[in-house]
2 protein chains.
Amino acid sequence: MTDERRKFKRESAEARKEALILATLELVADNGVRGATVRGIAQRADVTQGLIRHYFSSKEELIIAAYEHHMNQMTDLTFAPGAAAGSARARLRAFVDGSLTPPVVDPRALALWASFLNKVQNDPQMKETHERTYAYFRDRLEALITAALEEAGRPAPAARLRQLAIACNAVIDGLWLEGGALPDAFAPGELVEIGRHSVAAITGLDLMQEAGT
Amino acid sequence: MTDERRKFKRESAEARKEALILATLELVADNGVRGATVRGIAQRADVTQGLIRHYFSSKEELIIAAYEHHMNQMTDLTFAPGAAAGSARARLRAFVDGSLTPPVVDPRALALWASFLNKVQNDPQMKETHERTYAYFRDRLEALITAALEEAGRPAPAARLRQLAIACNAVIDGLWLEGGALPDAFAPGELVEIGRHSVAAITGLDLMQEAGT
DNA sequence: CGCGTAATTATGCAAGTGTATAATTTCTCC
DNA sequence: GGAGAAATTATACACTTGCATAATTACGCG
């Protein structure tokens with residue numbers, strides 16, 4: 001009746017790494033980076049803690065991998081729907097919609113963003129990932145606005161395009177933030193509606209009517 | 001030559017509590033809530049760790065006190081300039097300006113907000129503080145928008161006023177966030193300018209010209 | 001089927017954590 | 001100026017943390 005050594009199953013490196021990363025994201029969202037302990041992560045992934053060291057040379061490395069995984073997932077989610085289809089106006093609207101709909105708008109996504117912020121500002125590698133992702137978002141938004149304005153016969157100088165992109169990005173970020181922080185404060189579709197109205201008002205484009213292909 | 005016991009000076013309870021709270025905010029901004037250790041806080045406040053227990057019954061209580069202190073300071077800062085002066089339009093513009101100028105826009109303020117988010121979502125007392133502060137902001141903004149629209153002879157129904165307030169709040173939040181996250185990405189006054197333009201575009205009010213008293 | 005290797009578990013360690021409590025110092029009041 | 005009380009320091013303790021290393025197991029390959 002002595003304690004038996006735990007049975008286990010061998011998995012591929014990719015599967016194990018991904019499982020550990022997902023467990024890490026769960027714990028980071030709930031308890032912050034420091035609250036995501038090696039033991040807690042191992043337990044969540046149904047594994048003993050030593051295994052983490054086998055796949056990641058340190059907790060720091062696991063955290064960085066988890067952050068990159070999360071950021072990649074967020075960009076994939078945002079640009080999944082209607083990426084390159086239809087008019088510039090339709091694509092702009094799809095961008096707004098995707099950014100303001102679950103699972104992008106999500107308390108857990110917000111919690112992760114907040115939890116990683118400290119590390120992002122200090123760790124150079126995480127900072128690089130963050131700035132790359134942020135620049136990708138904003139450049140893409142600026143390109144969409146530029147194209148939509150030209151399409152409407154109302155081209156604008158570069159300086160103004162930059163400000164429009166910053167402003168639209170800010171509304172979207174702000175709505176994303178509030179939707180994640182107060183999930184029950186908004187009716188379904190309300191954030192999208194407000195987001196469309198706001199981007200339309202800022203740019204002077206009409207995003208509300210259903211567009212042709 | 002034996003180690004001498006440390007000399008100290010007695011301070012009032014208020015002064016000591018405030019010093020401890022300020023030290024706590026420093027460490028929380030740098031290292032997150034869990035990274036703000038009791039020993040670290042004591043060192044920053046130039047005090048030994050036992051003293052913290054003398055003024056706060058637990059670290060949790062100190063954290064909550066620090067959070068409330070920070071939130072109160074933020075609202076005071078936002079509403080300090082031109083609180084009740086001038087036309088509704090001027091007051092709305094003062095609100096935008098105050099929200100998008102240092103020291104409200106500040107990397108440290110953003111780091112604090114992010115660091116506290118986890119606890120805010122779990123701890124009921126912190127959640128209450130957060131929701132009260134948020135509601136205060138948005139109600140105030142909605143009242144300003146309502147008054148400014150009436151002043152301009154363009155009253156709007158309640159549902160629309162709510163959406164306008166949400167949208168304007170979102171732009172301001174988003175610009176605040178980006179200004180704190182990327183302090184060097186914006187020229188001085190640029191956030192204010194973009195914020196004014198955006199709120200003006202969303203509400204249809206003219207916030208750009210210098211208003212009369 | 002059995003051998004070897006890599007995956008996985010088990011155990012241990014030194015440093016750091018919050019908190020409790022005892023020892024000392026400072027300051028007020030008479 | 002001295003006694004008493006409150007503020008402050010000092011010390012200790014049980015627990016958690018990340019990391020290192022040894023012991024074992026599962027599985028592919030001959």
# chains A, B, ... in the order shown; residues from 1 in each chain; ligands from 1
>>> residues_around(residues="Thr48 in chain A", least_positions_apart="2", cutoff="10 Å", atoms="only C-alpha atoms (C1' of nucleotides)", output="VMD selection string")
(chain A and resid 6 38 to 46 50 to 52) or (chain C and resid 8 to 10)
>>> residues_around(residues="DG4 in chain C", least_positions_apart="2", cutoff="12 Å", atoms="only C-alpha atoms (C1' of nucleotides)", output="PyMOL selection string")
(chain C and resi 2+6) or (chain D and resi 26-30)
>>> write_last_selection(atoms="N, CA, C and O atoms (P, O5', C5', C4', C3', O3' and C1' of nucleotides)", output="PDB file, in the first residue's frame")
ATOM      1  P    DG C   2      12.404 -11.057 -23.006  1.00  0.00           P
ATOM      2  O5'  DG C   2      13.526  -9.944 -23.031  1.00  0.00           O
ATOM      3  C5'  DG C   2      14.715 -10.162 -23.767  1.00  0.00           C
ATOM      4  C4'  DG C   2      15.338  -8.840 -24.141  1.00  0.00           C
ATOM      5  C3'  DG C   2      15.606  -7.898 -22.965  1.00  0.00           C
ATOM      6  O3'  DG C   2      16.764  -7.170 -23.275  1.00  0.00           O
ATOM      7  C1'  DG C   2      14.305  -6.798 -24.503  1.00  0.00           C
ATOM      8  P    DA C   6      18.336  10.276 -26.427  1.00  0.00           P
ATOM      9  O5'  DA C   6      16.995  11.105 -26.249  1.00  0.00           O
ATOM     10  C5'  DA C   6      15.832  10.662 -26.949  1.00  0.00           C
ATOM     11  C4'  DA C   6      14.627  10.669 -26.019  1.00  0.00           C
ATOM     12  C3'  DA C   6      14.427  11.987 -25.251  1.00  0.00           C
ATOM     13  O3'  DA C   6      13.058  12.302 -25.296  1.00  0.00           O
ATOM     14  C1'  DA C   6      14.366  10.192 -23.764  1.00  0.00           C
TER      15       DA C   6
ATOM     16  P    DA D  26       4.834   3.272 -17.020  1.00  0.00           P
ATOM     17  O5'  DA D  26       4.915   3.662 -18.571  1.00  0.00           O
ATOM     18  C5'  DA D  26       4.643   5.002 -18.929  1.00  0.00           C
ATOM     19  C4'  DA D  26       5.297   5.331 -20.255  1.00  0.00           C
ATOM     20  C3'  DA D  26       4.828   4.467 -21.422  1.00  0.00           C
ATOM     21  O3'  DA D  26       4.532   5.334 -22.496  1.00  0.00           O
ATOM     22  C1'  DA D  26       7.196   4.442 -21.296  1.00  0.00           C
ATOM     23  P    DC D  27       3.447   4.841 -23.598  1.00  0.00           P
ATOM     24  O5'  DC D  27       4.309   4.837 -24.939  1.00  0.00           O
ATOM     25  C5'  DC D  27       5.260   5.876 -25.132  1.00  0.00           C
ATOM     26  C4'  DC D  27       6.432   5.351 -25.923  1.00  0.00           C
ATOM     27  C3'  DC D  27       6.062   4.391 -27.071  1.00  0.00           C
ATOM     28  O3'  DC D  27       6.490   4.978 -28.275  1.00  0.00           O
ATOM     29  C1'  DC D  27       7.945   3.631 -25.862  1.00  0.00           C
ATOM     30  P    DG D  28       5.963   4.393 -29.710  1.00  0.00           P
ATOM     31  O5'  DG D  28       7.304   4.350 -30.562  1.00  0.00           O
ATOM     32  C5'  DG D  28       8.175   5.484 -30.535  1.00  0.00           C
ATOM     33  C4'  DG D  28       9.582   5.079 -30.948  1.00  0.00           C
ATOM     34  C3'  DG D  28       9.671   4.283 -32.251  1.00  0.00           C
ATOM     35  O3'  DG D  28      10.868   4.642 -32.925  1.00  0.00           O
ATOM     36  C1'  DG D  28      10.505   2.959 -30.473  1.00  0.00           C
ATOM     37  P    DC D  29      11.096   4.269 -34.478  1.00  0.00           P
ATOM     38  O5'  DC D  29      12.332   3.268 -34.463  1.00  0.00           O
ATOM     39  C5'  DC D  29      13.330   3.407 -33.441  1.00  0.00           C
ATOM     40  C4'  DC D  29      14.159   2.154 -33.352  1.00  0.00           C
ATOM     41  C3'  DC D  29      14.133   1.264 -34.603  1.00  0.00           C
ATOM     42  O3'  DC D  29      15.442   0.844 -34.903  1.00  0.00           O
ATOM     43  C1'  DC D  29      13.561  -0.021 -32.708  1.00  0.00           C
ATOM     44  P    DG D  30      15.750   0.258 -36.375  1.00  0.00           P
ATOM     45  O5'  DG D  30      16.413  -1.157 -36.077  1.00  0.00           O
ATOM     46  C5'  DG D  30      17.657  -1.222 -35.350  1.00  0.00           C
ATOM     47  C4'  DG D  30      17.774  -2.564 -34.651  1.00  0.00           C
ATOM     48  C3'  DG D  30      17.489  -3.753 -35.559  1.00  0.00           C
ATOM     49  O3'  DG D  30      18.714  -4.190 -36.194  1.00  0.00           O
ATOM     50  C1'  DG D  30      16.383  -4.002 -33.429  1.00  0.00           C
TER      51       DG D  30
END
>>> interface_residues(of="chain C", to="chain B", cutoff="9 Å", atoms="only C-alpha atoms (C1' of nucleotides)", output="number ranges by chain")
C: 17-19, 24-27
>>> write_last_selection(atoms="N, CA, C and O atoms (P, O5', C5', C4', C3', O3' and C1' of nucleotides)", output="compact mmCIF listing (two decimals), in the first residue's frame")
# COMPACT_ATOMS: atom_id res chain seq x y z
P DT C 17 10.28 38.43 -1.54
O5' DT C 17 9.03 37.84 -0.77
C5' DT C 17 8.06 37.08 -1.51
C4' DT C 17 7.05 36.48 -0.56
C3' DT C 17 6.55 37.42 0.52
O3' DT C 17 5.49 38.19 0.01
C1' DT C 17 6.96 35.20 1.37
P DG C 18 4.87 39.38 0.85
O5' DG C 18 4.00 38.68 1.98
C5' DG C 18 2.83 37.96 1.63
C4' DG C 18 2.19 37.35 2.86
C3' DG C 18 1.70 38.38 3.89
O3' DG C 18 0.45 37.97 4.42
C1' DG C 18 3.32 36.97 4.88
P DT C 19 -0.32 38.92 5.42
O5' DT C 19 0.11 38.31 6.84
C5' DT C 19 -0.11 36.93 7.08
C4' DT C 19 0.53 36.54 8.39
C3' DT C 19 0.16 37.43 9.59
O3' DT C 19 -0.32 36.61 10.63
C1' DT C 19 2.49 37.06 9.52
P DT C 24 15.68 44.04 24.77
O5' DT C 24 15.34 45.47 24.19
C5' DT C 24 15.99 45.90 23.00
C4' DT C 24 15.26 47.11 22.46
C3' DT C 24 15.52 48.42 23.21
O3' DT C 24 16.20 49.26 22.32
C1' DT C 24 13.25 48.19 22.58
P DT C 25 17.13 50.43 22.94
O5' DT C 25 16.48 51.74 22.33
C5' DT C 25 16.14 51.75 20.95
C4' DT C 25 14.90 52.59 20.75
C3' DT C 25 15.01 54.02 21.29
O3' DT C 25 14.84 54.88 20.21
C1' DT C 25 12.92 53.06 21.82
P DT C 26 15.53 56.36 20.26
O5' DT C 26 14.27 57.33 20.24
C5' DT C 26 13.37 57.22 19.17
C4' DT C 26 11.99 57.65 19.61
C3' DT C 26 11.90 59.08 20.13
O3' DT C 26 11.05 59.78 19.27
C1' DT C 26 10.69 57.57 21.52
P DC C 27 11.16 61.41 19.21
O5' DC C 27 9.82 61.81 19.98
C5' DC C 27 8.63 61.14 19.63
C4' DC C 27 7.63 61.20 20.77
C3' DC C 27 7.50 62.59 21.41
O3' DC C 27 6.14 62.96 21.36
C1' DC C 27 7.69 60.91 23.05
>>> interface_residues(of="chain D", to="chain A", cutoff="9 Å", atoms="only C-alpha atoms (C1' of nucleotides)", output="ChimeraX atom specification")
/D:17-19,24-27
>>> write_last_selection(atoms="all heavy atoms", output="CSV table (one decimal), in the first residue's frame")
chain,number,residue,atom,x,y,z
D,17,DT,P,3.4,28.9,-4.6
D,17,DT,OP1,2.3,29.7,-5.3
D,17,DT,OP2,3.4,27.4,-4.6
D,17,DT,O5',4.8,29.4,-5.2
D,17,DT,C5',5.3,30.7,-5.0
D,17,DT,C4',6.7,30.8,-5.4
D,17,DT,O4',7.5,30.2,-4.3
D,17,DT,C3',7.1,29.9,-6.6
D,17,DT,O3',7.1,30.7,-7.7
D,17,DT,C2',8.6,29.5,-6.3
D,17,DT,C1',8.7,29.7,-4.8
D,17,DT,N1,9.1,28.5,-4.0
D,17,DT,C2,10.4,28.3,-3.6
D,17,DT,O2,11.3,29.1,-3.9
D,17,DT,N3,10.6,27.2,-2.9
D,17,DT,C4,9.7,26.3,-2.5
D,17,DT,O4,10.0,25.3,-1.8
D,17,DT,C5,8.4,26.5,-2.9
D,17,DT,C7,7.3,25.5,-2.6
D,17,DT,C6,8.1,27.6,-3.6
D,18,DG,P,7.2,30.0,-9.2
D,18,DG,OP1,6.7,31.0,-10.2
D,18,DG,OP2,6.7,28.7,-9.0
D,18,DG,O5',8.8,29.9,-9.4
D,18,DG,C5',9.6,31.0,-9.5
D,18,DG,C4',11.1,30.6,-9.5
D,18,DG,O4',11.4,29.8,-8.4
D,18,DG,C3',11.4,29.8,-10.8
D,18,DG,O3',12.7,30.2,-11.3
D,18,DG,C2',11.5,28.3,-10.2
D,18,DG,C1',12.0,28.6,-8.8
D,18,DG,N9,11.5,27.5,-7.9
D,18,DG,C8,10.2,27.1,-7.8
D,18,DG,N7,10.0,26.1,-6.9
D,18,DG,C5,11.3,26.0,-6.3
D,18,DG,C6,11.8,25.1,-5.3
D,18,DG,O6,11.1,24.2,-4.7
D,18,DG,N1,13.1,25.3,-5.1
D,18,DG,C2,13.9,26.2,-5.8
D,18,DG,N2,15.2,26.2,-5.4
D,18,DG,N3,13.5,27.0,-6.7
D,18,DG,C4,12.2,26.8,-6.9
D,19,DC,P,13.2,29.5,-12.6
D,19,DC,OP1,14.0,30.5,-13.4
D,19,DC,OP2,12.1,28.8,-13.3
D,19,DC,O5',14.3,28.4,-12.1
D,19,DC,C5',15.3,28.9,-11.1
D,19,DC,C4',16.0,27.6,-10.6
D,19,DC,O4',15.1,26.9,-9.7
D,19,DC,C3',16.5,26.7,-11.6
D,19,DC,O3',17.9,26.5,-11.5
D,19,DC,C2',15.7,25.3,-11.3
D,19,DC,C1',15.4,25.5,-9.9
D,19,DC,N1,14.2,24.8,-9.4
D,19,DC,C2,14.3,23.9,-8.3
D,19,DC,O2,15.4,23.8,-7.8
D,19,DC,N3,13.2,23.2,-7.9
D,19,DC,C4,12.0,23.4,-8.5
D,19,DC,N4,11.0,22.7,-8.1
D,19,DC,C5,11.9,24.3,-9.7
D,19,DC,C6,13.0,24.9,-10.1
D,24,DT,P,14.5,4.2,-8.3
D,24,DT,OP1,13.7,3.6,-7.2
D,24,DT,OP2,15.7,3.6,-8.8
D,24,DT,O5',13.5,4.5,-9.5
D,24,DT,C5',12.1,4.7,-9.3
D,24,DT,C4',11.5,5.1,-10.6
D,24,DT,O4',12.4,5.9,-11.4
D,24,DT,C3',11.1,3.9,-11.5
D,24,DT,O3',9.7,4.0,-11.6
D,24,DT,C2',11.8,4.2,-12.8
D,24,DT,C1',12.0,5.7,-12.7
D,24,DT,N1,13.1,6.3,-13.6
D,24,DT,C2,12.7,7.0,-14.7
D,24,DT,O2,11.6,7.2,-15.0
D,24,DT,N3,13.8,7.5,-15.4
D,24,DT,C4,15.1,7.3,-15.2
D,24,DT,O4,16.0,7.8,-15.9
D,24,DT,C5,15.4,6.5,-14.0
D,24,DT,C7,16.8,6.3,-13.6
D,24,DT,C6,14.4,6.0,-13.3
D,25,DT,P,8.9,2.6,-11.9
D,25,DT,OP1,8.0,2.4,-10.8
D,25,DT,OP2,9.9,1.5,-12.2
D,25,DT,O5',8.2,2.9,-13.2
D,25,DT,C5',7.6,4.2,-13.3
D,25,DT,C4',7.6,4.7,-14.7
D,25,DT,O4',8.9,5.0,-15.2
D,25,DT,C3',7.1,3.7,-15.8
D,25,DT,O3',6.0,4.2,-16.4
D,25,DT,C2',8.2,3.4,-16.7
D,25,DT,C1',9.0,4.7,-16.5
D,25,DT,N1,10.5,4.6,-16.9
D,25,DT,C2,11.0,5.4,-17.9
D,25,DT,O2,10.3,6.1,-18.6
D,25,DT,N3,12.3,5.3,-18.1
D,25,DT,C4,13.2,4.5,-17.4
D,25,DT,O4,14.4,4.4,-17.7
D,25,DT,C5,12.6,3.7,-16.3
D,25,DT,C7,13.5,2.9,-15.5
D,25,DT,C6,11.3,3.8,-16.1
D,26,DA,P,4.8,3.3,-17.0
D,26,DA,OP1,3.5,3.7,-16.5
D,26,DA,OP2,5.3,1.9,-16.9
D,26,DA,O5',4.9,3.7,-18.6
D,26,DA,C5',4.6,5.0,-18.9
D,26,DA,C4',5.3,5.3,-20.3
D,26,DA,O4',6.7,5.1,-20.2
D,26,DA,C3',4.8,4.5,-21.4
D,26,DA,O3',4.5,5.3,-22.5
D,26,DA,C2',6.0,3.6,-21.7
D,26,DA,C1',7.2,4.4,-21.3
D,26,DA,N9,8.4,3.7,-20.9
D,26,DA,C8,8.5,2.7,-19.9
D,26,DA,N7,9.7,2.3,-19.7
D,26,DA,C5,10.5,3.0,-20.6
D,26,DA,C6,11.9,3.1,-20.8
D,26,DA,N6,12.7,2.3,-20.2
D,26,DA,N1,12.3,3.9,-21.7
D,26,DA,C2,11.4,4.7,-22.4
D,26,DA,N3,10.1,4.8,-22.2
D,26,DA,C4,9.7,3.9,-21.3
D,27,DC,P,3.4,4.8,-23.6
D,27,DC,OP1,2.4,5.9,-23.7
D,27,DC,OP2,3.1,3.4,-23.3
D,27,DC,O5',4.3,4.8,-24.9
D,27,DC,C5',5.3,5.9,-25.1
D,27,DC,C4',6.4,5.4,-25.9
D,27,DC,O4',7.3,4.6,-25.1
D,27,DC,C3',6.1,4.4,-27.1
D,27,DC,O3',6.5,5.0,-28.3
D,27,DC,C2',6.8,3.1,-26.7
D,27,DC,C1',7.9,3.6,-25.9
D,27,DC,N1,8.5,2.6,-24.9
D,27,DC,C2,9.9,2.5,-24.9
D,27,DC,O2,10.6,3.3,-25.6
D,27,DC,N3,10.5,1.6,-24.0
D,27,DC,C4,9.7,0.8,-23.3
D,27,DC,N4,10.3,0.0,-22.4
D,27,DC,C5,8.3,0.9,-23.3
D,27,DC,C6,7.7,1.8,-24.2
>>> interface_residues(of="chain B", to="chain A", cutoff="8 Å", atoms="only C-alpha atoms", output="list in words")
Ala29, Asp30, Asn31, Gly32, Arg34, Gly35, Ala111, Ala114, Ser115, Leu117, Asn118, Gln163, Ile166, Ala167, Cys168, Asn169, Ala170, Val171, Ile172, Asp173, Gly174, Leu175, Glu178, Ile194, Gly195, His197, Ser198, Ala201 and Ile202 of chain B
>>> write_last_selection(atoms="N, CA, C and O atoms", output="mmCIF file, in the first residue's frame")
data_model
loop_
_atom_site.group_PDB
_atom_site.id
_atom_site.type_symbol
_atom_site.label_atom_id
_atom_site.label_comp_id
_atom_site.auth_asym_id
_atom_site.auth_seq_id
_atom_site.Cartn_x
_atom_site.Cartn_y
_atom_site.Cartn_z
ATOM 1 N N ALA B 29 3.397 49.526 -9.148
ATOM 2 C CA ALA B 29 3.579 49.977 -10.531
ATOM 3 C C ALA B 29 4.767 49.273 -11.173
ATOM 4 O O ALA B 29 4.728 48.925 -12.354
ATOM 5 N N ASP B 30 5.805 49.050 -10.415
ATOM 6 C CA ASP B 30 7.006 48.434 -10.989
ATOM 7 C C ASP B 30 6.889 46.925 -11.113
ATOM 8 O O ASP B 30 7.336 46.348 -12.107
ATOM 9 N N ASN B 31 6.325 46.277 -10.106
ATOM 10 C CA ASN B 31 6.423 44.823 -10.036
ATOM 11 C C ASN B 31 5.094 44.103 -9.910
ATOM 12 O O ASN B 31 5.082 42.888 -9.683
ATOM 13 N N GLY B 32 3.996 44.803 -10.001
ATOM 14 C CA GLY B 32 2.707 44.157 -9.816
ATOM 15 C C GLY B 32 2.383 43.962 -8.346
ATOM 16 O O GLY B 32 3.208 44.204 -7.472
ATOM 17 N N ARG B 34 1.717 41.210 -6.581
ATOM 18 C CA ARG B 34 2.464 40.157 -5.882
ATOM 19 C C ARG B 34 3.936 40.485 -5.778
ATOM 20 O O ARG B 34 4.625 40.015 -4.883
ATOM 21 N N GLY B 35 4.411 41.290 -6.716
ATOM 22 C CA GLY B 35 5.804 41.686 -6.668
ATOM 23 C C GLY B 35 6.072 42.765 -5.639
ATOM 24 O O GLY B 35 7.223 43.023 -5.296
ATOM 25 N N ALA B 111 0.409 51.484 -15.624
ATOM 26 C CA ALA B 111 0.939 50.273 -14.990
ATOM 27 C C ALA B 111 0.142 49.944 -13.730
ATOM 28 O O ALA B 111 -0.163 48.774 -13.455
ATOM 29 N N ALA B 114 -3.222 48.456 -14.698
ATOM 30 C CA ALA B 114 -3.092 47.074 -15.154
ATOM 31 C C ALA B 114 -2.772 46.140 -13.998
ATOM 32 O O ALA B 114 -3.316 45.034 -13.909
ATOM 33 N N SER B 115 -1.910 46.591 -13.114
ATOM 34 C CA SER B 115 -1.506 45.721 -12.009
ATOM 35 C C SER B 115 -2.679 45.403 -11.092
ATOM 36 O O SER B 115 -2.779 44.304 -10.550
ATOM 37 N N LEU B 117 -5.802 45.290 -11.962
ATOM 38 C CA LEU B 117 -6.997 44.749 -12.633
ATOM 39 C C LEU B 117 -7.398 43.369 -12.113
ATOM 40 O O LEU B 117 -8.579 43.122 -11.826
ATOM 41 N N ASN B 118 -6.424 42.496 -11.975
ATOM 42 C CA ASN B 118 -6.750 41.156 -11.488
ATOM 43 C C ASN B 118 -7.488 41.206 -10.162
ATOM 44 O O ASN B 118 -8.558 40.622 -10.009
ATOM 45 N N GLN B 163 -25.115 56.157 -25.711
ATOM 46 C CA GLN B 163 -24.142 55.655 -26.679
ATOM 47 C C GLN B 163 -23.040 56.671 -26.952
ATOM 48 O O GLN B 163 -21.874 56.307 -27.122
ATOM 49 N N ILE B 166 -20.665 56.470 -24.063
ATOM 50 C CA ILE B 166 -19.823 55.277 -24.144
ATOM 51 C C ILE B 166 -18.731 55.474 -25.189
ATOM 52 O O ILE B 166 -17.557 55.168 -24.965
ATOM 53 N N ALA B 167 -19.127 56.002 -26.334
ATOM 54 C CA ALA B 167 -18.146 56.186 -27.412
ATOM 55 C C ALA B 167 -17.071 57.192 -27.022
ATOM 56 O O ALA B 167 -15.873 56.933 -27.188
ATOM 57 N N CYS B 168 -17.480 58.315 -26.480
ATOM 58 C CA CYS B 168 -16.484 59.333 -26.093
ATOM 59 C C CYS B 168 -15.596 58.817 -24.980
ATOM 60 O O CYS B 168 -14.371 59.037 -24.978
ATOM 61 N N ASN B 169 -16.192 58.129 -24.049
ATOM 62 C CA ASN B 169 -15.390 57.537 -22.980
ATOM 63 C C ASN B 169 -14.368 56.564 -23.560
ATOM 64 O O ASN B 169 -13.214 56.505 -23.112
ATOM 65 N N ALA B 170 -14.783 55.817 -24.553
ATOM 66 C CA ALA B 170 -13.876 54.847 -25.160
ATOM 67 C C ALA B 170 -12.699 55.538 -25.847
ATOM 68 O O ALA B 170 -11.544 55.115 -25.693
ATOM 69 N N VAL B 171 -12.976 56.583 -26.617
ATOM 70 C CA VAL B 171 -11.834 57.283 -27.255
ATOM 71 C C VAL B 171 -10.885 57.789 -26.201
ATOM 72 O O VAL B 171 -9.659 57.649 -26.341
ATOM 73 N N ILE B 172 -11.437 58.407 -25.189
ATOM 74 C CA ILE B 172 -10.562 58.970 -24.152
ATOM 75 C C ILE B 172 -9.768 57.858 -23.479
ATOM 76 O O ILE B 172 -8.545 57.966 -23.303
ATOM 77 N N ASP B 173 -10.441 56.782 -23.124
ATOM 78 C CA ASP B 173 -9.732 55.659 -22.508
ATOM 79 C C ASP B 173 -8.660 55.116 -23.432
ATOM 80 O O ASP B 173 -7.539 54.838 -23.017
ATOM 81 N N GLY B 174 -9.008 54.943 -24.688
ATOM 82 C CA GLY B 174 -8.048 54.383 -25.623
ATOM 83 C C GLY B 174 -6.835 55.291 -25.800
ATOM 84 O O GLY B 174 -5.692 54.823 -25.823
ATOM 85 N N LEU B 175 -7.070 56.589 -25.914
ATOM 86 C CA LEU B 175 -5.942 57.513 -26.054
ATOM 87 C C LEU B 175 -5.118 57.561 -24.771
ATOM 88 O O LEU B 175 -3.879 57.613 -24.811
ATOM 89 N N GLU B 178 -2.965 54.433 -24.822
ATOM 90 C CA GLU B 178 -1.847 54.470 -25.753
ATOM 91 C C GLU B 178 -0.813 55.511 -25.334
ATOM 92 O O GLU B 178 0.390 55.289 -25.499
ATOM 93 N N ILE B 194 -6.142 65.145 -30.822
ATOM 94 C CA ILE B 194 -6.896 64.030 -31.392
ATOM 95 C C ILE B 194 -8.154 63.768 -30.572
ATOM 96 O O ILE B 194 -9.225 63.491 -31.123
ATOM 97 N N GLY B 195 -8.019 63.857 -29.262
ATOM 98 C CA GLY B 195 -9.178 63.631 -28.400
ATOM 99 C C GLY B 195 -10.278 64.642 -28.649
ATOM 100 O O GLY B 195 -11.455 64.280 -28.781
ATOM 101 N N HIS B 197 -10.779 66.431 -31.406
ATOM 102 C CA HIS B 197 -11.339 66.172 -32.732
ATOM 103 C C HIS B 197 -12.313 64.994 -32.699
ATOM 104 O O HIS B 197 -13.389 65.042 -33.286
ATOM 105 N N SER B 198 -11.905 63.935 -31.996
ATOM 106 C CA SER B 198 -12.723 62.729 -32.011
ATOM 107 C C SER B 198 -14.040 62.949 -31.285
ATOM 108 O O SER B 198 -15.118 62.577 -31.779
ATOM 109 N N ALA B 201 -16.185 64.999 -33.429
ATOM 110 C CA ALA B 201 -16.766 64.269 -34.555
ATOM 111 C C ALA B 201 -17.888 63.351 -34.098
ATOM 112 O O ALA B 201 -18.928 63.243 -34.759
ATOM 113 N N ILE B 202 -17.701 62.711 -32.980
ATOM 114 C CA ILE B 202 -18.711 61.756 -32.507
ATOM 115 C C ILE B 202 -19.990 62.483 -32.089
ATOM 116 O O ILE B 202 -21.100 62.067 -32.414
#
>>> select_by_dssp(residues="range 10-197 of chain A", states="helix (DSSP H, G or I)", output="ChimeraX atom specification")
/A:13-35,38-44,50-55,59-79,88-99,107-122,124-151,158-181,183-185,190-197
>>> atom_distance(atom1="CA of Met126 in chain B", atom2="CA of Glu68 in chain B")
8.0 Å
>>> residues_around(residues="range 16-20 of chain B", least_positions_apart="3", cutoff="7 Å", atoms="only C-alpha atoms (C1' of nucleotides)", output="ChimeraX atom specification")
/B:11-13,23-24,41,45,55
>>> write_last_selection(atoms="N, CA and C atoms", output="PDB file, in the first residue's frame")
ATOM      1  N   GLU B  11       6.066  59.121  13.978  1.00  0.00           N
ATOM      2  CA  GLU B  11       5.293  59.967  13.065  1.00  0.00           C
ATOM      3  C   GLU B  11       3.803  59.787  13.343  1.00  0.00           C
ATOM      4  N   SER B  12       3.043  60.698  12.846  1.00  0.00           N
ATOM      5  CA  SER B  12       1.591  60.560  13.022  1.00  0.00           C
ATOM      6  C   SER B  12       1.088  59.385  12.185  1.00  0.00           C
ATOM      7  N   ALA B  13      -0.028  58.861  12.618  1.00  0.00           N
ATOM      8  CA  ALA B  13      -0.593  57.707  11.904  1.00  0.00           C
ATOM      9  C   ALA B  13      -0.889  58.065  10.455  1.00  0.00           C
ATOM     10  N   ALA B  23       4.647  54.227  -1.012  1.00  0.00           N
ATOM     11  CA  ALA B  23       5.672  53.221  -1.302  1.00  0.00           C
ATOM     12  C   ALA B  23       5.035  52.008  -1.971  1.00  0.00           C
ATOM     13  N   THR B  24       3.865  51.644  -1.492  1.00  0.00           N
ATOM     14  CA  THR B  24       3.170  50.502  -2.093  1.00  0.00           C
ATOM     15  C   THR B  24       2.862  50.767  -3.556  1.00  0.00           C
ATOM     16  N   ILE B  41       8.193  47.080   0.363  1.00  0.00           N
ATOM     17  CA  ILE B  41       7.437  48.291   0.683  1.00  0.00           C
ATOM     18  C   ILE B  41       8.048  48.981   1.892  1.00  0.00           C
ATOM     19  N   ALA B  45       9.705  52.726   2.104  1.00  0.00           N
ATOM     20  CA  ALA B  45       9.189  53.743   3.023  1.00  0.00           C
ATOM     21  C   ALA B  45      10.185  54.026   4.141  1.00  0.00           C
ATOM     22  N   TYR B  55       0.015  49.207  11.179  1.00  0.00           N
ATOM     23  CA  TYR B  55      -0.966  50.139  10.616  1.00  0.00           C
ATOM     24  C   TYR B  55      -2.000  49.456   9.716  1.00  0.00           C
TER      25      TYR B  55
END
>>> residues_around(residues="DT11 in chain D", least_positions_apart="2", cutoff="10 Å", atoms="only C-alpha atoms (C1' of nucleotides)", output="compact mmCIF listing (two decimals) with C-alpha atoms (C1' of nucleotides), in the first residue's frame")
# COMPACT_ATOMS: atom_id res chain seq x y z
C1' DT C 21 5.21 38.11 18.71
C1' DA C 22 8.72 39.77 21.77
C1' DA C 23 12.11 43.43 22.68
C1' DT D 9 12.39 47.48 15.53
C1' DC D 13 8.25 30.51 11.92
